[in-house]
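To start, the structure under review is shown below, and the notes come after it.
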There are 4 protein chains.
Amino acid sequence: MTDSYITSIGTADATSISLLGRDLAADLMGQVSFGELAFWLVALRRPARGELRVFEAVLVALADHGFTPSAIAARLTLTGAPESVQGAMAAGLLGGGSRFLGVTEDCGRFLAAALAAHHGPPPADDAGFDAIADRAVRGQRAAGLLVPGLGHPLHKGGDPRTPVLLRIAKDAGTRGPHLRLFEAVGRVHPAILGRTLPLNGAGVCGAALADLGFEPDTLRGFALLARAAGLLGHLAEEMRRPAAPGIYAEADRAVRYAPPN
Amino acid sequence: MTDSYITSIGTADATSISLLGRDLAADLMGQVSFGELAFWLVALRRPARGELRVFEAVLVALADHGFTPSAIAARLTLTGAPESVQGAMAAGLLGGGSRFLGVTEDCGRFLAAALAAHHGPPPADDAGFDAIADRAVRGQRAAGLLVPGLGHPLHKGGDPRTPVLLRIAKDAGTRGPHLRLFEAVGRVHPAILGRTLPLNGAGVCGAALADLGFEPDTLRGFALLARAAGLLGHLAEEMRRPAAPGIYAEADRAVRYAPPN
Amino acid sequence: MTDSYITSIGTADATSISLLGRDLAADLMGQVSFGELAFWLVALRRPARGELRVFEAVLVALADHGFTPSAIAARLTLTGAPESVQGAMAAGLLGGGSRFLGVTEDCGRFLAAALAAHHGPPPADDAGFDAIADRAVRGQRAAGLLVPGLGHPLHKGGDPRTPVLLRIAKDAGTRGPHLRLFEAVGRVHPAILGRTLPLNGAGVCGAALADLGFEPDTLRGFALLARAAGLLGHLAEEMRRPAAPGIYAEADRAVRYAPPN
Amino acid sequence: MTDSYITSIGTADATSISLLGRDLAADLMGQVSFGELAFWLVALRRPARGELRVFEAVLVALADHGFTPSAIAARLTLTGAPESVQGAMAAGLLGGGSRFLGVTEDCGRFLAAALAAHHGPPPADDAGFDAIADRAVRGQRAAGLLVPGLGHPLHKGGDPRTPVLLRIAKDAGTRGPHLRLFEAVGRVHPAILGRTLPLNGAGVCGAALADLGFEPDTLRGFALLARAAGLLGHLAEEMRRPAAPGIYAEADRAVRYAPPN
């Protein structure tokens, strides 16, 4: 009567634990890095050596951004519920929505859609990618939308992560159509938008993950995983040297009360 | 007037991003694995090669346990809010409390407390560790408490992860007093409790992390980070082949309504 | 240097607590119901007696829907972290996204947009509302979208909450253009869609809240507040008589493992 | 094969919805307040009129406390994920752990334990309650623990909510042994602790709920429900007039970077 559900992730019996079709204890522990396992869990295939190098670089690039709203929310939550580290982590991740962590996903989706709208095989040269980028950027502009992956509030002259990830992907042999199109966006947008914006780190990570074969729907998840490590760092620091009570006191001090009417 | 908060994690200016005192783009991306960064973010020091090997093995060991309550909760949450992957991840992590993911932390804390209660330097031989373990296990028993890290609902004859992690730690040179005491618990408990229980995987991971120098308060966080990767796998699988609607339908079918009075 | 933030909700000094411009202890406790306070907190005005009656009926209507994915997720989360009721509540609320609790918001937004697209004052009679409904339903259809508030998986012949809330709103004098347009959707859609669907409870609640003056952006929040009470009931029941372990065991029993390749 | 789960909350069929053994549409909507339903969902019995008055006063008393860490965390989360109101609500509730919302539960638990330790029926007069309070306060002191419900960072001379809730409960006829013991704690503690502390609002709410028959395990849940309404107010205000970007900017401005070594 009960439908059965099929999983390819893990199972266990009295004497063994299987994960992804391998024996966890014999074949995975000590044999694969945590990053490799994360790739494998989502892709359901083991990454090649070059793919893993790019993937780990993406996770490293996205792990932390300093005192972001999400890091502050996690620290404040720990103040109220110090017994529940999982609650503080969850609160921090919940800020990873459309506005912050969403860029990685949005950029991957934007590039994938532009490539899908291009009939025929991916172009062979930069000029071909420039043509696709031109159409896509004009399309966003006509729709009154921003171009995902373009612009940064702080790194206005260039996001330092972008050229490094492009180089790593090129060295690793995983620079594919998404990254090439992303570079083309960088070349063509000034003429269309009338100003030059940096290709940001969240965007290049989305492009690099898409070139590793990940669907746009899974990209935000990797940004969240990376952020989980950053949040751990913030929470461990908060335990040693609390900042949240000061942030709370300062906000409480700065607030002004104006009765509704 | 405003107090300032000190952080050692990250900061950024217009042209560079610093993380842990290094240049993120130049010194970390492509140079360290994601696991290495996670270690560093909490410990505030770079792991040695052997330490990293043990640390990554712990994260791999803890990443997934199949269709656990936490994985099911994450999948059900995605069903209701498919646009919010962060909500589904958060819901899954919130089940990582005292009863499941808590074992890693509880075991590390139990071992650290037993070692702290021992006057003088750590013992030089197994007999010395057995004496500490004997006192600690008897203490738990007298207090009517379980011994953290002992017993498993499924792996009654032995958790396959335990000997593997012990071997990895020994090879890596990080088998210290916590792991040695944990092994001693395995030796002495049958005579005290009147039955032989397995040293479980969550427990050995707590002992191994404690030997890497991590405080008990930080251990649950690593279990959560590992679990975040497992949840990503479950959520990606749920997007491809949903199980949650069936689980919900089955629960709804099985429930019986009995008015309160 | 610090910007100040203005709040109209609450403030306190050594001897008094102000909430919404009133003295909490003297003017609110014992004088207003919890529902009345919730209305006031969002609207920043005290509801009239009839408005409150409709508002409380909406919260009652939306509080529970049995063993939903969100209630099951909350129960499963309590199993893993029984010490953290706030985590279980949060996990349950996180399932209140676009697919379930979103209907209330979506319906309010749909009706508000249709009314805004109508030039001139709201119609004086049913025929006028039918014309607006006709245009709006055809518009959704042409765009390949569902009509929010229309249809129910179980109550195919009519949702029992709908006529009751319509009557309460009429009696209370708060049946305004959103509810009248919602009724018109009920009248006109069969000719357009070729089948007759029920006006569902989540939809009529959205229409009723919109007629009370609430913006669409705030509607999901009320559905979450109502659901919070239902989740409390589920969690109290789970503490007395656990269902989650059985749901988990059944899912674990039904799952089949198929290695990725 | 499948165990069935018994629920007394709700169920539905094609034509009706049952909640707590009543017909939701016919018997509850428009007939009971939201507060009344929340009481009923947990207690599984309908409150008497006086009980409901006290219960609603408790929820009103606990709904908001201004710019608390939990309210700020909810606002910051909305900044990052404005599309996910449920995530912002969840983040706010996650701060409702042991340190803030826990007082209500801790106080109810403390009073219930003190009453349970008293042999024989509850005392008939204040002197009898003073004796129990004396023993209980001395016990906390000897164990190095604070007395739950005693003390307030701001209302040092007296929490304005306390006398009001005591009066409401007395008028309603629900002032029972927990509230009487709480008052006794107020009388006896100065002689034991050497200073006079106020009976705080969170504590008196816990005592009042315990006198309504609620178990300590359910008390934090009511504090969370009350807080959910306050969070809705904060989130609606944040949508109209954002404070979180300023709080974030200020924290980011105040933070100082000190590399780990």
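Within each chain, counting starts at residue 1; across the structure tokens, chains are named A, B, ... in the order shown, with ligands numbered 1 upward in that order.
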Go through chain A residue by residue and, counting only C-alpha atoms, keep those with an atom at most 8 Å from chain C; for each kept residue give the shortest atom pair and its distance in Å to one decimal, ordered by chain and increasing number, as a tab-separated table.
```
residue	atom	partner	partner_atom	distance
A:Thr2	CA	C:Ala254	CA	7.1
A:Asp3	CA	C:Ala254	CA	7.0
A:Ser4	CA	C:Ala254	CA	4.8
A:Tyr5	CA	C:Val255	CA	4.6
A:Ile6	CA	C:Arg256	CA	4.7
A:Thr7	CA	C:Tyr257	CA	5.1
A:Ser8	CA	C:Pro259	CA	4.8
A:Ile9	CA	C:Pro259	CA	7.3
A:Gly10	CA	C:Tyr257	CA	7.2
A:Thr11	CA	C:Tyr257	CA	6.6
A:Leu20	CA	C:Pro259	CA	5.8
A:Gly21	CA	C:Pro259	CA	4.5
A:Leu44	CA	C:Pro260	CA	5.9
A:Arg45	CA	C:Pro260	CA	7.5
A:Ser84	CA	C:Ser84	CA	7.1
A:Gly87	CA	C:Gly87	CA	6.3
A:Ala254	CA	C:Ser4	CA	4.8
A:Val255	CA	C:Tyr5	CA	4.5
A:Arg256	CA	C:Ile6	CA	4.7
A:Tyr257	CA	C:Thr7	CA	5.1
A:Ala258	CA	C:Ser8	CA	5.0
A:Pro259	CA	C:Gly21	CA	4.5
A:Pro260	CA	C:Ser8	CA	5.3
A:Asn261	CA	C:Gly21	CA	7.5
```
Could you pull out the residues in stretch 130-218 of chain B that DSSP calls helix (DSSP H, G or I) from the backbone, as a PyMOL selection string?
-> chain B and resi 130-142+161-172+177-193+201-211+216-218
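When the distance limit is 7 Å and only C-alpha atoms are what count, the residues near A:Gly173, minus those fewer than 3 positions from it on the same chain, are A:Gly50, A:Ala169, A:Lys170.
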Counting only C-alpha atoms, what is within 12 Å of D:Arg135, bar same-chain residues fewer than 3 positions away, as a list of chain:residue names?
->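 My reading of the contact set: D:Phe110, D:Leu111, D:Ala113, D:Ala114, D:Leu115, D:Ala117, D:His118, D:Gly128, D:Phe129, D:Asp130, D:Ala131, D:Ile132, D:Arg138, D:Gly139, D:Gln140, D:Arg141, D:Ala142, D:Val147, D:Leu181, D:Ala184, D:Val185, D:Val188, D:His189, D:Ile192.
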May I have the residues within 9 Å of A:Phe100 as a PyMOL selection string, using only C-alpha atoms and disregarding those fewer than 5 positions away in the same chain?
-> (chain A and resi 95+202) or (chain D and resi 79-81)
Any chance you could export the current selection's N, CA and C atoms as an mmCIF file, in the first residue's frame?
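The result, written out as part-v1.cif:
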```cif
data_model
loop_
_atom_site.group_PDB
_atom_site.id
_atom_site.type_symbol
_atom_site.label_atom_id
_atom_site.label_comp_id
_atom_site.auth_asym_id
_atom_site.auth_seq_id
_atom_site.Cartn_x
_atom_site.Cartn_y
_atom_site.Cartn_z
ATOM 1 N N GLY A 95 18.925 34.207 6.454
ATOM 2 C CA GLY A 95 19.158 35.467 5.758
ATOM 3 C C GLY A 95 19.766 35.265 4.374
ATOM 4 N N ALA A 202 30.206 36.475 -6.242
ATOM 5 C CA ALA A 202 29.062 35.564 -6.161
ATOM 6 C C ALA A 202 28.644 35.118 -7.549
ATOM 7 N N THR D 79 15.991 41.553 5.604
ATOM 8 C CA THR D 79 16.846 42.303 4.676
ATOM 9 C C THR D 79 17.471 41.382 3.632
ATOM 10 N N GLY D 80 17.923 40.217 4.079
ATOM 11 C CA GLY D 80 18.597 39.300 3.166
ATOM 12 C C GLY D 80 17.648 38.463 2.342
ATOM 13 N N ALA D 81 16.465 38.201 2.872
ATOM 14 C CA ALA D 81 15.514 37.307 2.204
ATOM 15 C C ALA D 81 14.112 37.902 2.290
#
```
